[in-house]
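Worksheet for the structure shown next.
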Amino acid sequence: MKDRLCEKGYEILNIVGKGSFSTVYRLREMKTGRHCACKVSENQKMLFREAELLRRLEHPLFPVFYDFWQQEKEACLVMEYIAGTSLEKLVGDRGRLTDRRASRIGLELASGLAYLHELPIPILHRDITPGNILIRQDGRVKLLDLGCACAVGEKGIRAGTPGFADPRQLKGSRACEAGDIYAFGKILQFMRGGRLCRLAEACIRQQPGDRPGNMRICLYALMDCMEKETEKNITGIIFGRKEKEICRNAKAVWKKSQ
C-alpha cells in the first residue's frame with residue numbers, strides 16, 4: 001500500500017483511526033503539501049459504495065472526495081482531512097454541552113441529513129454516532145463514515161451502532177428516514193448528558209410513524225426552540241434564505257404531531 005500511495009503522490013504521516021473494517025491514515029500530498037485522509041479497507045465493495053456516494057455530495061457536513069482506487073485485496077478512498085475533536089471525546093472531556101452549543105451542532109447535523117434524504121435517490125446514513133461526528137477547530141460540524149449508507153427502501157441490510165441506531169434497523173428492517181431520525185434524537189440526548197428535550201423524545205419514539213416525518217421538521221423544531229436572538233445569529237450563518245423558509249413552512253406539521 002505504501003508504494004502505491006507514493007506512486008499516487010502521497011506520503012503517509014500517521015494513523016488517524018482504526019475500525020472493524022478499515023484503517024484511516026493522514027496523508028500529505030507531495031505536490032501541494034495538502035493533508036488528506038485515506039480510508040483503507042479489504043471490504044472493497046463497501047468502500048466503493050462509500051466513494052461513489054461521497055463523490056456526489058455537495059454539502060459542508062460531509063468530507064470532500066478526492067480520489068479512489070482498488071489494488072489487489074484493498075481499496076483506498078482519499079478525502080478531505082479534518083482537524084478537530086469527535087463529539088464523543090468532547091462530551092467525555094467536558095460533560096453535557098450547553099443548550100446553545102447542542103442546538104447549533106443539531107442544526108448543522110439536521111441540515112446535512114435533510115440534504116442526504118432529499119437527493120434524487122434519497123440516501124440514509126445509518127451510523128450517526130458521537131464518534132462519527134467531528135467538531136472542527138472553528139466549531140463547524142462534519143459527519144464522517146458513510147460505509148453503512150444505503151438508499152431508502154433497501155431491506156435486509158443490518159447496520160448501525162447499538163445505543164444510537166433504531167432497534168428495527170439493527171434487525172434488518174426496510175431502510176427509511178425514521179432510522180436516521182431516531183439516531184438524531186439519540187445524539188441530541190447524548191449532547192444533553194442523557195436528558196431528553198421535546199424534540200429528542202419525539203425522535204426516539206418506538207413506532208417510526210410517531211416520530212417527526214422528516215429531517216426538515218427536526219430543523220424547524222430546533223429553530224423554534226431557540227431564543228430569537230440566538231436563532232438569528234446561528235441560523236443566519238448555517239442556512240440561506242430559501243432553506244430557512246422551507247424549515248419554517250414545516251411549522252404546522254411539527255405542531256400537529258405534538
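Following the order of the C-alpha cells, first chain is A, next is B, and so on, with residues numbered from 1 inside each chain and ligands from 1 in the order they appear.
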Could you make a table, as a tab-separated table, of the residues of segment 98-204 of chain A that have an atom within 8 Å of an atom of segment 31-55 of chain A, each with its nearest atom pair and distance in Å to one decimal, counting only C-alpha atoms, in chain and number order?
residue	atom	partner	partner_atom	distance
A:Leu146	CA	A:Glu50	CA	5.6
A:Gly147	CA	A:Glu50	CA	5.4
A:Cys148	CA	A:Met46	CA	8.0
A:Ala149	CA	A:Glu50	CA	7.4
Could you pull out the strand (DSSP E or B) residues of segment 22-229 of chain A, going by DSSP on the backbone, and write them as a PDB file with N, CA and C atoms, in the first residue's frame?
ATOM      1  N   SER A  22     -11.849  -1.039   8.533  1.00  0.00           N
ATOM      2  CA  SER A  22     -10.967  -0.135   7.812  1.00  0.00           C
ATOM      3  C   SER A  22      -9.984   0.566   8.749  1.00  0.00           C
ATOM      4  N   THR A  23      -8.949   1.131   8.137  1.00  0.00           N
ATOM      5  CA  THR A  23      -7.977   1.957   8.837  1.00  0.00           C
ATOM      6  C   THR A  23      -7.891   3.296   8.107  1.00  0.00           C
ATOM      7  N   VAL A  24      -7.831   4.379   8.865  1.00  0.00           N
ATOM      8  CA  VAL A  24      -7.748   5.718   8.263  1.00  0.00           C
ATOM      9  C   VAL A  24      -6.382   6.316   8.553  1.00  0.00           C
ATOM     10  N   TYR A  25      -5.720   6.776   7.489  1.00  0.00           N
ATOM     11  CA  TYR A  25      -4.399   7.387   7.595  1.00  0.00           C
ATOM     12  C   TYR A  25      -4.493   8.877   7.252  1.00  0.00           C
ATOM     13  N   ARG A  26      -3.574   9.652   7.817  1.00  0.00           N
ATOM     14  CA  ARG A  26      -3.404  11.044   7.384  1.00  0.00           C
ATOM     15  C   ARG A  26      -2.248  11.068   6.392  1.00  0.00           C
ATOM     16  N   LEU A  27      -2.497  11.650   5.224  1.00  0.00           N
ATOM     17  CA  LEU A  27      -1.505  11.718   4.163  1.00  0.00           C
ATOM     18  C   LEU A  27      -1.105  13.163   3.889  1.00  0.00           C
ATOM     19  N   ARG A  28       0.014  13.310   3.239  1.00  0.00           N
ATOM     20  CA  ARG A  28       0.406  14.604   2.683  1.00  0.00           C
ATOM     21  C   ARG A  28       0.563  14.439   1.183  1.00  0.00           C
ATOM     22  N   GLU A  29      -0.138  15.276   0.449  1.00  0.00           N
ATOM     23  CA  GLU A  29       0.011  15.268  -0.997  1.00  0.00           C
ATOM     24  C   GLU A  29       1.321  15.985  -1.328  1.00  0.00           C
ATOM     25  N   HIS A  35      -2.879  18.179   3.295  1.00  0.00           N
ATOM     26  CA  HIS A  35      -3.123  16.988   4.097  1.00  0.00           C
ATOM     27  C   HIS A  35      -4.465  16.373   3.706  1.00  0.00           C
ATOM     28  N   CYS A  36      -4.508  15.043   3.619  1.00  0.00           N
ATOM     29  CA  CYS A  36      -5.707  14.312   3.232  1.00  0.00           C
ATOM     30  C   CYS A  36      -5.918  13.156   4.199  1.00  0.00           C
ATOM     31  N   ALA A  37      -7.121  12.623   4.189  1.00  0.00           N
ATOM     32  CA  ALA A  37      -7.418  11.404   4.938  1.00  0.00           C
ATOM     33  C   ALA A  37      -7.574  10.278   3.929  1.00  0.00           C
ATOM     34  N   CYS A  38      -7.041   9.112   4.248  1.00  0.00           N
ATOM     35  CA  CYS A  38      -7.138   7.953   3.359  1.00  0.00           C
ATOM     36  C   CYS A  38      -7.715   6.772   4.132  1.00  0.00           C
ATOM     37  N   LYS A  39      -8.869   6.317   3.699  1.00  0.00           N
ATOM     38  CA  LYS A  39      -9.527   5.177   4.321  1.00  0.00           C
ATOM     39  C   LYS A  39      -9.179   3.929   3.513  1.00  0.00           C
ATOM     40  N   VAL A  40      -8.619   2.931   4.174  1.00  0.00           N
ATOM     41  CA  VAL A  40      -8.170   1.706   3.505  1.00  0.00           C
ATOM     42  C   VAL A  40      -8.965   0.533   4.071  1.00  0.00           C
ATOM     43  N   SER A  41      -9.505  -0.301   3.187  1.00  0.00           N
ATOM     44  CA  SER A  41     -10.316  -1.428   3.651  1.00  0.00           C
ATOM     45  C   SER A  41     -10.187  -2.608   2.692  1.00  0.00           C
ATOM     46  N   PHE A  65     -14.608  14.633  -1.434  1.00  0.00           N
ATOM     47  CA  PHE A  65     -13.989  13.481  -2.099  1.00  0.00           C
ATOM     48  C   PHE A  65     -12.797  13.937  -2.937  1.00  0.00           C
ATOM     49  N   TYR A  66     -11.675  13.167  -2.889  1.00  0.00           N
ATOM     50  CA  TYR A  66     -10.502  13.459  -3.704  1.00  0.00           C
ATOM     51  C   TYR A  66     -10.180  12.338  -4.693  1.00  0.00           C
ATOM     52  N   ASP A  67     -10.135  11.083  -4.227  1.00  0.00           N
ATOM     53  CA  ASP A  67      -9.675  10.012  -5.106  1.00  0.00           C
ATOM     54  C   ASP A  67     -10.115   8.652  -4.557  1.00  0.00           C
ATOM     55  N   PHE A  68     -10.143   7.668  -5.445  1.00  0.00           N
ATOM     56  CA  PHE A  68     -10.468   6.291  -5.047  1.00  0.00           C
ATOM     57  C   PHE A  68      -9.800   5.331  -6.020  1.00  0.00           C
ATOM     58  N   TRP A  69      -9.267   4.232  -5.504  1.00  0.00           N
ATOM     59  CA  TRP A  69      -8.738   3.175  -6.360  1.00  0.00           C
ATOM     60  C   TRP A  69      -8.758   1.839  -5.614  1.00  0.00           C
ATOM     61  N   GLN A  70      -8.682   0.777  -6.385  1.00  0.00           N
ATOM     62  CA  GLN A  70      -8.631  -0.572  -5.837  1.00  0.00           C
ATOM     63  C   GLN A  70      -7.317  -1.228  -6.253  1.00  0.00           C
ATOM     64  N   GLN A  71      -6.753  -2.010  -5.356  1.00  0.00           N
ATOM     65  CA  GLN A  71      -5.490  -2.682  -5.641  1.00  0.00           C
ATOM     66  C   GLN A  71      -5.463  -4.020  -4.921  1.00  0.00           C
ATOM     67  N   GLU A  74      -7.120  -4.665  -1.400  1.00  0.00           N
ATOM     68  CA  GLU A  74      -7.543  -3.465  -0.671  1.00  0.00           C
ATOM     69  C   GLU A  74      -8.103  -2.405  -1.613  1.00  0.00           C
ATOM     70  N   ALA A  75      -8.877  -1.503  -1.009  1.00  0.00           N
ATOM     71  CA  ALA A  75      -9.354  -0.316  -1.712  1.00  0.00           C
ATOM     72  C   ALA A  75      -8.973   0.895  -0.876  1.00  0.00           C
ATOM     73  N   CYS A  76      -8.744   2.020  -1.543  1.00  0.00           N
ATOM     74  CA  CYS A  76      -8.328   3.258  -0.863  1.00  0.00           C
ATOM     75  C   CYS A  76      -9.232   4.411  -1.268  1.00  0.00           C
ATOM     76  N   LEU A  77      -9.747   5.111  -0.283  1.00  0.00           N
ATOM     77  CA  LEU A  77     -10.575   6.293  -0.504  1.00  0.00           C
ATOM     78  C   LEU A  77      -9.858   7.502   0.099  1.00  0.00           C
ATOM     79  N   VAL A  78      -9.506   8.460  -0.740  1.00  0.00           N
ATOM     80  CA  VAL A  78      -8.813   9.668  -0.282  1.00  0.00           C
ATOM     81  C   VAL A  78      -9.816  10.821  -0.252  1.00  0.00           C
ATOM     82  N   MET A  79      -9.848  11.520   0.846  1.00  0.00           N
ATOM     83  CA  MET A  79     -10.819  12.598   1.022  1.00  0.00           C
ATOM     84  C   MET A  79     -10.218  13.709   1.875  1.00  0.00           C
ATOM     85  N   GLU A  80     -11.026  14.709   2.111  1.00  0.00           N
ATOM     86  CA  GLU A  80     -10.618  15.859   2.929  1.00  0.00           C
ATOM     87  C   GLU A  80     -10.196  15.414   4.322  1.00  0.00           C
ATOM     88  N   GLY A  84      -9.917  18.205  14.210  1.00  0.00           N
ATOM     89  CA  GLY A  84     -10.949  18.520  15.179  1.00  0.00           C
ATOM     90  C   GLY A  84     -11.065  17.437  16.240  1.00  0.00           C
ATOM     91  N   THR A  85     -12.181  17.474  16.965  1.00  0.00           N
ATOM     92  CA  THR A  85     -12.432  16.552  18.064  1.00  0.00           C
ATOM     93  C   THR A  85     -13.775  15.883  17.855  1.00  0.00           C
ATOM     94  N   SER A  86     -13.840  14.588  18.103  1.00  0.00           N
ATOM     95  CA  SER A  86     -15.129  13.910  17.964  1.00  0.00           C
ATOM     96  C   SER A  86     -16.087  14.391  19.044  1.00  0.00           C
ATOM     97  N   ILE A 123     -30.685   9.040   0.253  1.00  0.00           N
ATOM     98  CA  ILE A 123     -29.690   8.212   0.931  1.00  0.00           C
ATOM     99  C   ILE A 123     -29.850   8.348   2.443  1.00  0.00           C
ATOM    100  N   LEU A 124     -29.670   7.240   3.155  1.00  0.00           N
ATOM    101  CA  LEU A 124     -29.689   7.229   4.616  1.00  0.00           C
ATOM    102  C   LEU A 124     -28.272   6.972   5.116  1.00  0.00           C
ATOM    103  N   ILE A 133     -19.188  12.015  14.495  1.00  0.00           N
ATOM    104  CA  ILE A 133     -19.438  13.457  14.370  1.00  0.00           C
ATOM    105  C   ILE A 133     -18.192  14.197  14.836  1.00  0.00           C
ATOM    106  N   LEU A 134     -17.625  14.992  13.949  1.00  0.00           N
ATOM    107  CA  LEU A 134     -16.384  15.705  14.254  1.00  0.00           C
ATOM    108  C   LEU A 134     -16.660  17.195  14.371  1.00  0.00           C
ATOM    109  N   ILE A 135     -16.163  17.785  15.446  1.00  0.00           N
ATOM    110  CA  ILE A 135     -16.283  19.230  15.643  1.00  0.00           C
ATOM    111  C   ILE A 135     -14.958  19.863  15.236  1.00  0.00           C
ATOM    112  N   ARG A 136     -14.990  20.657  14.171  1.00  0.00           N
ATOM    113  CA  ARG A 136     -13.767  21.276  13.686  1.00  0.00           C
ATOM    114  C   ARG A 136     -13.257  22.322  14.667  1.00  0.00           C
ATOM    115  N   VAL A 141     -19.340  21.563  12.032  1.00  0.00           N
ATOM    116  CA  VAL A 141     -19.569  20.133  12.240  1.00  0.00           C
ATOM    117  C   VAL A 141     -19.342  19.350  10.950  1.00  0.00           C
ATOM    118  N   LYS A 142     -18.759  18.149  11.091  1.00  0.00           N
ATOM    119  CA  LYS A 142     -18.610  17.223   9.978  1.00  0.00           C
ATOM    120  C   LYS A 142     -19.146  15.865  10.405  1.00  0.00           C
ATOM    121  N   LEU A 143     -19.816  15.174   9.481  1.00  0.00           N
ATOM    122  CA  LEU A 143     -20.311  13.818   9.724  1.00  0.00           C
ATOM    123  C   LEU A 143     -19.506  12.859   8.856  1.00  0.00           C
ATOM    124  N   CYS A 150     -27.123   3.659   2.711  1.00  0.00           N
ATOM    125  CA  CYS A 150     -27.855   2.896   1.698  1.00  0.00           C
ATOM    126  C   CYS A 150     -28.996   3.755   1.173  1.00  0.00           C
ATOM    127  N   ALA A 151     -29.602   3.311   0.099  1.00  0.00           N
ATOM    128  CA  ALA A 151     -30.743   4.020  -0.465  1.00  0.00           C
ATOM    129  C   ALA A 151     -32.000   3.726   0.361  1.00  0.00           C
TER     130      ALA A 151
END
- [ ] Determine which residues of segment 92-147 of chain A DSSP labels as helix (DSSP H, G or I) from the backbone of this structure, then write them out as a ChimeraX atom specification.
- [x] /A:92-94,99-117,130-132
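Among the candidates A:Arg211, A:Arg168, A:Lys18, A:Arg96, the residue lying nearest to Phe190 of chain A is A:Arg96 (atoms considered: only C-alpha atoms).
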Task: Residue with smallest distance to Gly160 of chain A - pool A:Ala202, A:Leu97, A:Ala175, A:Leu57, counting only C-alpha atoms - done: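 Between A:Ala202, A:Leu97, A:Ala175, A:Leu57, the residue approaching Gly160 of chain A most closely is A:Ala175.
The environment of Glu118 of chain A within 12 Å, counting only C-alpha atoms and disregarding residues fewer than 3 places along the same chain, consists of Leu57, Ser111, Gly112, Leu113, Ala114, Tyr115, Ile121, Pro122, Ile123, Leu124, Ala151, Val152, Glu177, Asn214, Met215 and Arg216 of chain A.
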Task: For atom CA of Met223 of chain A and atom CA of Leu107 of chain A, the interatomic separation in Å (one decimal) - done: 7.9 Å
TODO: For Ser173 of chain A, work out the shell of residues within 12 Å, counting only C-alpha atoms and skipping chain neighbours fewer than 5 positions away, then give it as a ChimeraX atom specification.
DONE: /A:152-159,166-168,178-179,208
Dump of all heavy atoms for the selected residues, as a JSON list (two decimals), in the first residue's frame:
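Saved the output as again18.json:
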[["chain", "number", "residue", "atom", "x", "y", "z"],
["A", 152, "VAL", "N", -32.91, 4.68, 0.38],
["A", 152, "VAL", "CA", -34.19, 4.47, 1.06],
["A", 152, "VAL", "C", -34.90, 3.27, 0.43],
["A", 152, "VAL", "O", -34.93, 3.11, -0.79],
["A", 152, "VAL", "CB", -35.07, 5.73, 0.93],
["A", 152, "VAL", "CG1", -36.50, 5.44, 1.39],
["A", 152, "VAL", "CG2", -34.49, 6.87, 1.75],
["A", 153, "GLY", "N", -35.44, 2.41, 1.28],
["A", 153, "GLY", "CA", -36.21, 1.27, 0.80],
["A", 153, "GLY", "C", -35.44, -0.03, 0.75],
["A", 153, "GLY", "O", -36.05, -1.09, 0.60],
["A", 154, "GLU", "N", -34.10, 0.02, 0.85],
["A", 154, "GLU", "CA", -33.33, -1.23, 0.86],
["A", 154, "GLU", "C", -33.73, -2.05, 2.09],
["A", 154, "GLU", "O", -33.98, -1.52, 3.15],
["A", 154, "GLU", "CB", -31.84, -0.95, 0.86],
["A", 154, "GLU", "CG", -31.31, -0.43, -0.47],
["A", 154, "GLU", "CD", -29.80, -0.40, -0.54],
["A", 154, "GLU", "OE1", -29.16, -1.32, 0.03],
["A", 154, "GLU", "OE2", -29.24, 0.54, -1.14],
["A", 155, "LYS", "N", -33.75, -3.35, 1.94],
["A", 155, "LYS", "CA", -34.23, -4.22, 3.01],
["A", 155, "LYS", "C", -33.22, -5.33, 3.31],
["A", 155, "LYS", "O", -32.52, -5.80, 2.42],
["A", 155, "LYS", "CB", -35.57, -4.84, 2.64],
["A", 155, "LYS", "CG", -36.24, -5.62, 3.76],
["A", 155, "LYS", "CD", -37.59, -6.14, 3.33],
["A", 155, "LYS", "CE", -38.25, -6.91, 4.47],
["A", 155, "LYS", "NZ", -39.57, -7.46, 4.08],
["A", 156, "GLY", "N", -33.17, -5.71, 4.58],
["A", 156, "GLY", "CA", -32.39, -6.86, 4.97],
["A", 156, "GLY", "C", -30.93, -6.59, 5.23],
["A", 156, "GLY", "O", -30.16, -7.53, 5.44],
["A", 157, "ILE", "N", -30.52, -5.31, 5.23],
["A", 157, "ILE", "CA", -29.12, -4.98, 5.48],
["A", 157, "ILE", "C", -29.01, -4.43, 6.90],
["A", 157, "ILE", "O", -29.45, -3.31, 7.18],
["A", 157, "ILE", "CB", -28.60, -3.94, 4.47],
["A", 157, "ILE", "CG1", -28.78, -4.46, 3.04],
["A", 157, "ILE", "CG2", -27.14, -3.64, 4.74],
["A", 157, "ILE", "CD1", -28.40, -3.45, 1.98],
["A", 158, "ARG", "N", -28.45, -5.20, 7.80],
["A", 158, "ARG", "CA", -28.29, -4.76, 9.17],
["A", 158, "ARG", "C", -27.11, -3.80, 9.27],
["A", 158, "ARG", "O", -26.05, -4.06, 8.71],
["A", 158, "ARG", "CB", -28.07, -5.94, 10.10],
["A", 158, "ARG", "CG", -29.23, -6.93, 10.12],
["A", 158, "ARG", "CD", -28.95, -8.06, 11.08],
["A", 158, "ARG", "NE", -30.03, -9.05, 11.05],
["A", 158, "ARG", "CZ", -30.07, -10.12, 11.83],
["A", 158, "ARG", "NH1", -29.09, -10.34, 12.70],
["A", 158, "ARG", "NH2", -31.07, -10.98, 11.74],
["A", 159, "ALA", "N", -27.29, -2.72, 9.98],
["A", 159, "ALA", "CA", -26.21, -1.74, 10.11],
["A", 159, "ALA", "C", -26.51, -0.85, 11.31],
["A", 159, "ALA", "O", -27.65, -0.73, 11.75],
["A", 159, "ALA", "CB", -26.07, -0.91, 8.84],
["A", 166, "ASP", "N", -31.64, 2.82, 15.42],
["A", 166, "ASP", "CA", -33.01, 2.33, 15.63],
["A", 166, "ASP", "C", -32.96, 0.81, 15.78],
["A", 166, "ASP", "O", -32.38, 0.12, 14.94],
["A", 166, "ASP", "CB", -33.85, 2.71, 14.40],
["A", 166, "ASP", "CG", -35.32, 2.38, 14.56],
["A", 166, "ASP", "OD1", -35.66, 1.59, 15.46],
["A", 166, "ASP", "OD2", -36.12, 2.91, 13.77],
["A", 167, "PRO", "N", -33.54, 0.26, 16.86],
["A", 167, "PRO", "CA", -33.53, -1.20, 17.04],
["A", 167, "PRO", "C", -34.07, -1.96, 15.83],
["A", 167, "PRO", "O", -33.61, -3.06, 15.53],
["A", 167, "PRO", "CB", -34.43, -1.39, 18.26],
["A", 167, "PRO", "CG", -34.26, -0.12, 19.04],
["A", 167, "PRO", "CD", -34.16, 0.96, 18.00],
["A", 168, "ARG", "N", -35.03, -1.38, 15.11],
["A", 168, "ARG", "CA", -35.56, -2.04, 13.92],
["A", 168, "ARG", "C", -34.50, -2.14, 12.83],
["A", 168, "ARG", "O", -34.44, -3.11, 12.08],
["A", 168, "ARG", "CB", -36.78, -1.26, 13.39],
["A", 168, "ARG", "CG", -37.98, -1.30, 14.31],
["A", 168, "ARG", "CD", -39.04, -0.30, 13.87],
["A", 168, "ARG", "NE", -40.18, -0.32, 14.75],
["A", 168, "ARG", "CZ", -41.31, -0.98, 14.51],
["A", 168, "ARG", "NH1", -41.43, -1.68, 13.39],
["A", 168, "ARG", "NH2", -42.31, -0.94, 15.36],
["A", 178, "ALA", "N", -36.95, 7.30, 9.13],
["A", 178, "ALA", "CA", -37.20, 7.21, 10.57],
["A", 178, "ALA", "C", -36.00, 6.67, 11.32],
["A", 178, "ALA", "O", -35.80, 6.99, 12.50],
["A", 178, "ALA", "CB", -38.43, 6.33, 10.83],
["A", 179, "GLY", "N", -35.16, 5.84, 10.66],
["A", 179, "GLY", "CA", -33.97, 5.31, 11.31],
["A", 179, "GLY", "C", -32.96, 6.40, 11.62],
["A", 179, "GLY", "O", -32.42, 6.47, 12.73],
["A", 208, "PRO", "N", -41.98, 4.10, 14.32],
["A", 208, "PRO", "CA", -41.47, 5.08, 13.35],
["A", 208, "PRO", "C", -42.51, 6.10, 12.91],
["A", 208, "PRO", "O", -42.19, 7.27, 12.71],
["A", 208, "PRO", "CB", -41.03, 4.20, 12.17],
["A", 208, "PRO", "CG", -40.69, 2.89, 12.80],
["A", 208, "PRO", "CD", -41.68, 2.71, 13.92]]
